[in-house]
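This is start-v9.txt (compact mmCIF, C-alpha atoms).
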# COMPACT_ATOMS: atom_id res chain seq x y z
CA MET A 1 -89.16 -146.30 -7.42
CA ALA A 2 -87.53 -144.26 -4.65
CA ARG A 3 -89.68 -143.31 -1.68
CA LYS A 4 -90.86 -139.72 -1.89
CA LYS A 5 -89.31 -137.56 0.82
CA PHE A 6 -91.60 -136.39 3.63
CA ILE A 7 -90.71 -133.19 5.46
CA ALA A 8 -92.80 -132.23 8.48
CA GLY A 9 -92.46 -129.10 10.59
CA ASN A 10 -93.10 -129.43 14.32
CA TRP A 11 -93.80 -125.92 15.59
CA LYS A 12 -93.94 -127.10 19.23
CA MET A 13 -95.14 -124.36 21.64
CA ASN A 14 -94.03 -121.43 19.50
CA LEU A 15 -95.58 -118.51 17.63
CA ASN A 16 -98.93 -116.81 18.15
CA ALA A 17 -102.00 -116.86 15.89
CA ALA A 18 -100.74 -114.13 13.57
CA GLY A 19 -97.27 -115.64 13.34
CA SER A 20 -98.67 -119.11 12.65
CA VAL A 21 -100.89 -117.84 9.84
CA ALA A 22 -98.08 -115.77 8.33
CA LEU A 23 -95.71 -118.75 8.37
CA ALA A 24 -98.33 -121.04 6.83
CA ALA A 25 -99.15 -118.49 4.13
CA GLY A 26 -95.46 -118.06 3.32
CA LEU A 27 -94.96 -121.80 3.01
CA ALA A 28 -98.07 -122.14 0.84
CA LYS A 29 -96.66 -119.51 -1.51
CA GLU A 30 -93.44 -121.50 -1.88
CA ALA A 31 -94.99 -124.98 -2.02
CA ALA A 32 -95.89 -125.02 -5.69
CA SER A 33 -92.24 -124.63 -6.70
CA LEU A 34 -90.80 -127.24 -4.32
CA GLY A 35 -91.29 -130.35 -6.42
CA ALA A 36 -92.08 -133.94 -5.47
CA VAL A 37 -91.79 -133.73 -1.69
CA ASP A 38 -94.66 -134.37 0.74
CA LEU A 39 -94.98 -131.56 3.27
CA ALA A 40 -96.84 -131.07 6.53
CA VAL A 41 -96.83 -128.64 9.43
CA CYS A 42 -97.90 -129.33 13.00
CA PRO A 43 -98.86 -126.15 14.86
CA PRO A 44 -100.09 -125.89 18.45
CA PHE A 45 -103.66 -127.17 18.92
CA VAL A 46 -105.19 -123.71 19.30
CA TYR A 47 -103.90 -122.50 15.93
CA ILE A 48 -104.75 -125.56 13.82
CA PRO A 49 -107.97 -124.12 12.30
CA GLN A 50 -106.28 -120.86 11.27
CA VAL A 51 -103.28 -122.68 9.81
CA ALA A 52 -105.51 -125.14 7.95
CA ALA A 53 -107.41 -122.22 6.44
CA ALA A 54 -104.17 -120.49 5.40
CA LEU A 55 -103.00 -123.70 3.70
CA SER A 56 -106.31 -124.43 1.97
CA GLY A 57 -105.72 -125.23 -1.68
CA SER A 58 -102.01 -125.92 -1.16
CA ALA A 59 -100.29 -129.31 -1.12
CA ILE A 60 -99.15 -128.87 2.50
CA GLY A 61 -100.86 -131.11 5.02
CA VAL A 62 -101.75 -130.15 8.58
CA GLY A 63 -101.02 -132.21 11.66
CA ALA A 64 -101.22 -132.07 15.43
CA GLN A 65 -98.45 -132.62 17.97
CA ASP A 66 -100.32 -135.19 20.06
CA MET A 67 -103.75 -136.72 20.78
CA PHE A 68 -105.55 -138.89 23.34
CA TYR A 69 -106.71 -142.48 22.94
CA GLU A 70 -110.40 -142.02 23.81
CA ASN A 71 -113.23 -140.66 21.67
CA ASP A 72 -114.68 -138.30 24.28
CA GLY A 73 -115.42 -138.01 27.98
CA ALA A 74 -113.98 -136.59 31.19
CA PHE A 75 -110.37 -136.17 30.08
CA THR A 76 -109.60 -132.56 30.92
CA GLY A 77 -107.01 -130.98 28.67
CA GLU A 78 -106.94 -133.82 26.14
CA VAL A 79 -107.84 -133.76 22.43
CA SER A 80 -109.31 -136.67 20.47
CA GLY A 81 -108.55 -137.84 16.97
CA ALA A 82 -112.07 -136.97 15.86
CA MET A 83 -111.55 -133.41 17.07
CA LEU A 84 -108.31 -133.17 15.11
CA LYS A 85 -109.94 -134.40 11.93
CA ASP A 86 -112.82 -131.97 12.51
CA VAL A 87 -110.44 -129.00 12.32
CA GLY A 88 -108.54 -130.20 9.26
CA CYS A 89 -105.75 -132.49 10.47
CA ARG A 90 -104.42 -135.35 8.41
CA TYR A 91 -101.37 -136.14 10.56
CA VAL A 92 -100.54 -136.49 14.23
CA ILE A 93 -97.11 -136.73 15.88
CA LEU A 94 -96.99 -139.43 18.57
CA GLY A 95 -94.16 -140.49 20.87
CA HIS A 96 -92.11 -137.32 20.46
CA SER A 97 -89.14 -137.30 22.82
CA GLU A 98 -90.54 -134.36 24.75
CA ARG A 99 -93.73 -136.32 25.37
CA ARG A 100 -91.65 -139.29 26.51
CA HIS A 101 -89.03 -137.55 28.62
CA VAL A 102 -90.71 -134.33 29.79
CA ILE A 103 -94.32 -135.51 30.14
CA GLY A 104 -93.37 -139.11 30.99
CA GLU A 105 -95.28 -141.09 28.36
CA SER A 106 -94.50 -144.81 28.20
CA ASP A 107 -94.13 -147.02 25.14
CA GLU A 108 -97.45 -148.66 26.05
CA LEU A 109 -99.29 -145.33 26.27
CA ILE A 110 -97.86 -144.23 22.93
CA ASN A 111 -99.01 -147.53 21.43
CA ARG A 112 -102.58 -146.88 22.59
CA LYS A 113 -102.47 -143.50 20.91
CA ILE A 114 -101.06 -144.91 17.66
CA VAL A 115 -103.71 -147.61 17.45
CA LYS A 116 -106.47 -145.06 18.09
CA ALA A 117 -105.11 -142.48 15.67
CA LEU A 118 -105.04 -145.03 12.86
CA ALA A 119 -108.55 -146.18 13.72
CA ASP A 120 -109.65 -142.54 13.57
CA GLY A 121 -108.22 -142.19 10.06
CA LEU A 122 -105.19 -140.06 10.94
CA ASP A 123 -101.73 -140.65 9.51
CA VAL A 124 -99.14 -141.10 12.26
CA ILE A 125 -95.64 -139.67 12.59
CA PHE A 126 -94.25 -142.09 15.19
CA CYS A 127 -91.13 -140.85 16.99
CA VAL A 128 -88.40 -143.01 18.50
CA GLY A 129 -84.90 -142.29 19.73
CA GLU A 130 -82.34 -142.66 22.47
CA LEU A 131 -80.97 -140.47 25.25
CA LEU A 132 -77.31 -139.43 25.29
CA ALA A 133 -76.55 -141.90 28.10
CA GLU A 134 -78.10 -144.68 26.02
CA ARG A 135 -76.06 -143.69 22.97
CA ASP A 136 -72.88 -143.57 25.04
CA GLY A 137 -73.82 -146.90 26.67
CA GLY A 138 -74.02 -148.62 23.29
CA VAL A 139 -77.72 -149.52 23.60
CA THR A 140 -79.17 -147.27 20.88
CA ASN A 141 -80.40 -150.18 18.77
CA ASP A 142 -81.93 -151.91 21.78
CA VAL A 143 -83.81 -148.77 22.83
CA VAL A 144 -85.10 -147.96 19.36
CA ALA A 145 -86.07 -151.58 18.69
CA ARG A 146 -88.05 -151.70 21.93
CA GLN A 147 -89.83 -148.44 21.15
CA VAL A 148 -90.71 -149.57 17.62
CA THR A 149 -91.87 -153.04 18.63
CA ILE A 150 -94.09 -151.90 21.50
CA GLY A 151 -95.28 -148.77 19.74
CA LEU A 152 -96.49 -150.70 16.68
CA SER A 153 -98.10 -153.56 18.61
CA GLY A 154 -101.48 -154.28 17.05
CA VAL A 155 -100.75 -152.20 13.94
CA SER A 156 -101.32 -154.20 10.76
CA GLY A 157 -99.14 -154.27 7.69
CA GLU A 158 -101.91 -152.51 5.78
CA GLN A 159 -102.06 -149.74 8.37
CA MET A 160 -98.31 -149.23 8.11
CA ALA A 161 -98.97 -147.40 4.84
CA ARG A 162 -100.18 -144.55 7.09
CA VAL A 163 -97.26 -144.63 9.54
CA THR A 164 -94.05 -142.66 9.17
CA VAL A 165 -91.32 -143.52 11.66
CA ALA A 166 -89.22 -140.58 12.85
CA TYR A 167 -85.85 -141.35 14.41
CA GLU A 168 -84.89 -138.47 16.67
CA PRO A 169 -81.84 -138.97 18.88
CA VAL A 170 -82.81 -137.04 21.99
CA TRP A 171 -79.28 -135.69 22.43
CA ALA A 172 -79.52 -133.97 19.04
CA ILE A 173 -82.83 -132.13 19.52
CA GLY A 174 -82.46 -128.40 20.00
CA THR A 175 -78.84 -128.82 21.09
CA GLY A 176 -77.11 -127.88 17.87
CA ARG A 177 -75.61 -131.37 17.85
CA THR A 178 -76.63 -133.58 14.97
CA ALA A 179 -76.15 -137.27 14.40
CA THR A 180 -73.65 -137.77 11.62
CA PRO A 181 -75.16 -138.95 8.35
CA GLN A 182 -73.67 -142.39 9.01
CA GLN A 183 -75.08 -142.54 12.55
CA ALA A 184 -78.52 -141.66 11.21
CA GLN A 185 -78.23 -144.16 8.38
CA ASP A 186 -77.17 -146.95 10.74
CA VAL A 187 -80.23 -146.53 12.99
CA HIS A 188 -82.58 -146.09 10.04
CA ALA A 189 -81.23 -149.25 8.42
CA MET A 190 -81.62 -151.16 11.68
CA THR A 191 -85.18 -149.88 11.99
CA ARG A 192 -86.02 -150.91 8.44
CA GLY A 193 -84.59 -154.36 9.16
CA LEU A 194 -86.82 -154.61 12.23
CA LEU A 195 -89.85 -153.60 10.16
CA ASN A 196 -88.90 -156.37 7.74
CA THR A 197 -88.96 -158.83 10.64
CA LEU A 198 -92.31 -157.50 11.89
CA TYR A 199 -94.11 -156.98 8.58
CA GLY A 200 -92.08 -158.31 5.66
CA GLN A 201 -89.81 -156.70 3.10
CA ALA A 202 -92.52 -154.96 1.06
CA VAL A 203 -93.85 -153.03 4.05
CA ALA A 204 -90.34 -152.28 5.32
CA ASP A 205 -89.29 -150.91 1.93
CA ALA A 206 -92.42 -148.77 1.62
CA THR A 207 -92.30 -147.25 5.12
CA ARG A 208 -90.78 -143.80 5.28
CA ILE A 209 -88.28 -143.25 8.10
CA GLN A 210 -87.56 -139.61 8.86
CA TYR A 211 -84.64 -138.13 10.75
CA GLY A 212 -85.29 -135.48 13.40
CA GLY A 213 -82.66 -133.64 15.40
CA SER A 214 -81.20 -130.20 14.61
CA VAL A 215 -81.89 -130.56 10.89
CA LYS A 216 -81.10 -127.35 9.03
CA ALA A 217 -80.50 -126.23 5.47
CA SER A 218 -76.74 -126.66 5.80
CA ASN A 219 -76.90 -130.36 6.72
CA ALA A 220 -80.19 -131.45 5.13
CA ALA A 221 -78.80 -132.64 1.80
CA GLU A 222 -76.11 -134.83 3.35
CA LEU A 223 -78.50 -136.37 5.90
CA LEU A 224 -81.34 -136.87 3.45
CA ASN A 225 -79.09 -138.40 0.81
CA GLN A 226 -78.58 -141.49 2.98
CA ALA A 227 -80.19 -144.62 1.57
CA ASP A 228 -82.63 -145.16 4.43
CA VAL A 229 -83.36 -141.55 5.39
CA ASP A 230 -86.68 -140.72 3.78
CA GLY A 231 -87.27 -137.23 5.08
CA ALA A 232 -87.03 -135.01 8.12
CA LEU A 233 -89.05 -134.02 11.16
CA VAL A 234 -87.96 -130.43 11.66
CA GLY A 235 -88.32 -128.38 14.83
CA GLY A 236 -86.87 -124.91 15.23
CA ALA A 237 -85.76 -124.60 11.61
CA SER A 238 -89.40 -124.94 10.50
CA LEU A 239 -90.35 -121.62 12.16
CA LYS A 240 -88.97 -119.44 9.36
CA VAL A 241 -90.00 -119.84 5.74
CA ALA A 242 -86.49 -119.46 4.32
CA ASP A 243 -84.99 -121.98 6.74
CA PHE A 244 -87.70 -124.56 6.15
CA VAL A 245 -87.58 -124.13 2.38
CA GLY A 246 -83.80 -124.62 2.50
CA ILE A 247 -84.28 -127.99 4.17
CA ILE A 248 -86.93 -128.99 1.64
CA GLN A 249 -84.60 -128.07 -1.21
CA GLY A 250 -81.90 -130.17 0.46
CA ALA A 251 -84.23 -133.14 0.36
CA MET A 252 -84.51 -132.78 -3.40
This structure in structure tokens:
Amino acid sequence: MARKKFIAGNWKMNLNAAGSVALAAGLAKEAASLGAVDLAVCPPFVYIPQVAAALSGSAIGVGAQDMFYENDGAFTGEVSGAMLKDVGCRYVILGHSERRHVIGESDELINRKIVKALADGLDVIFCVGELLAERDGGVTNDVVARQVTIGLSGVSGEQMARVTVAYEPVWAIGTGRTATPQQAQDVHAMTRGLLNTLYGQAVADATRIQYGGSVKASNAAELLNQADVDGALVGGASLKVADFVGIIQGAM
């Protein structure tokens, strides 16, 4: 049986409360007619409760864009997994390129977060991907393999059922540039082969590997039709109902 596609919208630091609720309500209205695709949205922390309420009763899951690796304590500005679950989250994005390259998070820090999120009962969207200089230098596979191997250290094969890997070439995020379908497929296939080495073929086959990087309705079908591309992590194109729905329809 083919892996069900998983489309997640990362709203980043966009919208206000009213806009977040309106977008969630619009997506909820469309969700029933979108078929066998798993959907989630990841709004800013402060709007999660309102978005969760707007999506109540729909099939769309709610996630957060990050979390910390401690339960509680003197960690000003951080949010724990328990807090996220308390306000209705099922998913959390970890290792996003902006966390790596703007905030400066290391592979080891991201690993601590992944291990804690899974222990807290959250499903993880684990992001990996290379910079333009790394792509041009021919080390894409080395970079992604390192990120995957360190990021999943201590994660069991059983826990991998709650991990989605998202390949997002950093040079294709918000730039209008997109990896070609073959470029995406090549990295996804390499990643699945690495998961086979780490966990065995059954886990590798079952793990969903998303593509993220300037995905839009016009290129979604071609990207998502690749054998090892199991969905999309969508940024800017998830901020309008029609655009996001177009990508979802492309996945189908």
*Rank nothing, just name the residue among A:Val92, A:Ala217, A:Leu118, A:Val229 nearest to Val79 in chain A, using all atoms listed in the file.*
A:Val92
Write out as a CSV table (one decimal) with C-alpha atoms, in the coordinates of the input the residues lying within 6 Å of Arg90 in chain A, counting only C-alpha atoms and excluding same-chain residues fewer than 6 positions away.
chain,number,residue,atom,x,y,z
A,62,VAL,CA,-101.8,-130.2,8.6
A,63,GLY,CA,-101.0,-132.2,11.7
A,122,LEU,CA,-105.2,-140.1,10.9
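The neighbours of range 196-199 of chain A here are the residues that come within 12 Å of it, using only C-alpha atoms and leaving out any residue fewer than 5 positions away in the same chain; they are Ala145, Val148, Thr149, Ile150, Leu152, Ser153, Gly154, Val155, Ser156, Gly157, Glu158, Gln159, Met160, Ala161, Ala189, Met190, Thr191, Ala204, Asp205, Ala206 and Thr207 of chain A.
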Take the residues that were just selected and, keeping C-alpha atoms, output them as a PDB file, in the coordinates of the input.
ATOM      1  CA  ALA A 145     -86.070-151.580  18.690  1.00  0.00           C
ATOM      2  CA  VAL A 148     -90.710-149.570  17.620  1.00  0.00           C
ATOM      3  CA  THR A 149     -91.870-153.040  18.630  1.00  0.00           C
ATOM      4  CA  ILE A 150     -94.090-151.900  21.500  1.00  0.00           C
ATOM      5  CA  LEU A 152     -96.490-150.700  16.680  1.00  0.00           C
ATOM      6  CA  SER A 153     -98.100-153.560  18.610  1.00  0.00           C
ATOM      7  CA  GLY A 154    -101.480-154.280  17.050  1.00  0.00           C
ATOM      8  CA  VAL A 155    -100.750-152.200  13.940  1.00  0.00           C
ATOM      9  CA  SER A 156    -101.320-154.200  10.760  1.00  0.00           C
ATOM     10  CA  GLY A 157     -99.140-154.270   7.690  1.00  0.00           C
ATOM     11  CA  GLU A 158    -101.910-152.510   5.780  1.00  0.00           C
ATOM     12  CA  GLN A 159    -102.060-149.740   8.370  1.00  0.00           C
ATOM     13  CA  MET A 160     -98.310-149.230   8.110  1.00  0.00           C
ATOM     14  CA  ALA A 161     -98.970-147.400   4.840  1.00  0.00           C
ATOM     15  CA  ALA A 189     -81.230-149.250   8.420  1.00  0.00           C
ATOM     16  CA  MET A 190     -81.620-151.160  11.680  1.00  0.00           C
ATOM     17  CA  THR A 191     -85.180-149.880  11.990  1.00  0.00           C
ATOM     18  CA  ALA A 204     -90.340-152.280   5.320  1.00  0.00           C
ATOM     19  CA  ASP A 205     -89.290-150.910   1.930  1.00  0.00           C
ATOM     20  CA  ALA A 206     -92.420-148.770   1.620  1.00  0.00           C
ATOM     21  CA  THR A 207     -92.300-147.250   5.120  1.00  0.00           C
TER      22      THR A 207
END
*asked:* Using Å and a single decimal, report how far CA of Lys4 in chain A sits from CA of Ala64 in chain A.
replied: 21.6 Å
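Using only C-alpha atoms, the nearest neighbour of Val21 in chain A within the list A:Ala172, A:Ile125, A:Val215, A:Val41 is A:Val41.
Between Gly81 in chain A and the candidates A:Val241, A:Ser58, A:Pro43, A:Lys116, the tightest atom-to-atom separation, counting all atoms listed in the file, involves A:Lys116.
Each of A:Lys12, A:Arg135, A:Arg3, A:Arg208 was compared to Ser238 in chain A using all atoms listed in the file, and A:Lys12 turns out to be the nearest.
Minimum atom-to-atom distances from A:Gly104, A:Ile60, A:Ala52, A:Val115 to Val87 in chain A were compared using only C-alpha atoms, and the lowest value belongs to A:Ala52.
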*asked:* Residues proximal to (-102.8, -138.4, 23.2) were defined as those with any atom within 8 Å of that point in the file's coordinates, counting only C-alpha atoms. Which are they, as a count of residues only?
replied: 10
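The two atoms in question, CA of Leu131 in chain A and CA of Ala221 in chain A, are spaced 24.8 Å apart.
Proximity of A:Gly121, A:Gly73, A:Gly19, A:Gly9 to Tyr211 in chain A, computed with only C-alpha atoms, is greatest for A:Gly9.
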_Using only C-alpha atoms, which protein or nucleic acid residues come within 9 Å of Pro181 in chain A? Drop anything in the same chain fewer than 4 positions from it, and give the result as a VMD selection string._
chain A and resid 185 to 186 219 222 to 226
*Ile209 in chain A surroundings by all atoms listed in the file, 9 Å radius, close-in-sequence under 5 positions cut, as JSON, numbers by chain*: {"A": [6, 164, 165, 166, 167, 188, 191, 192, 228, 229, 230, 231, 232]}
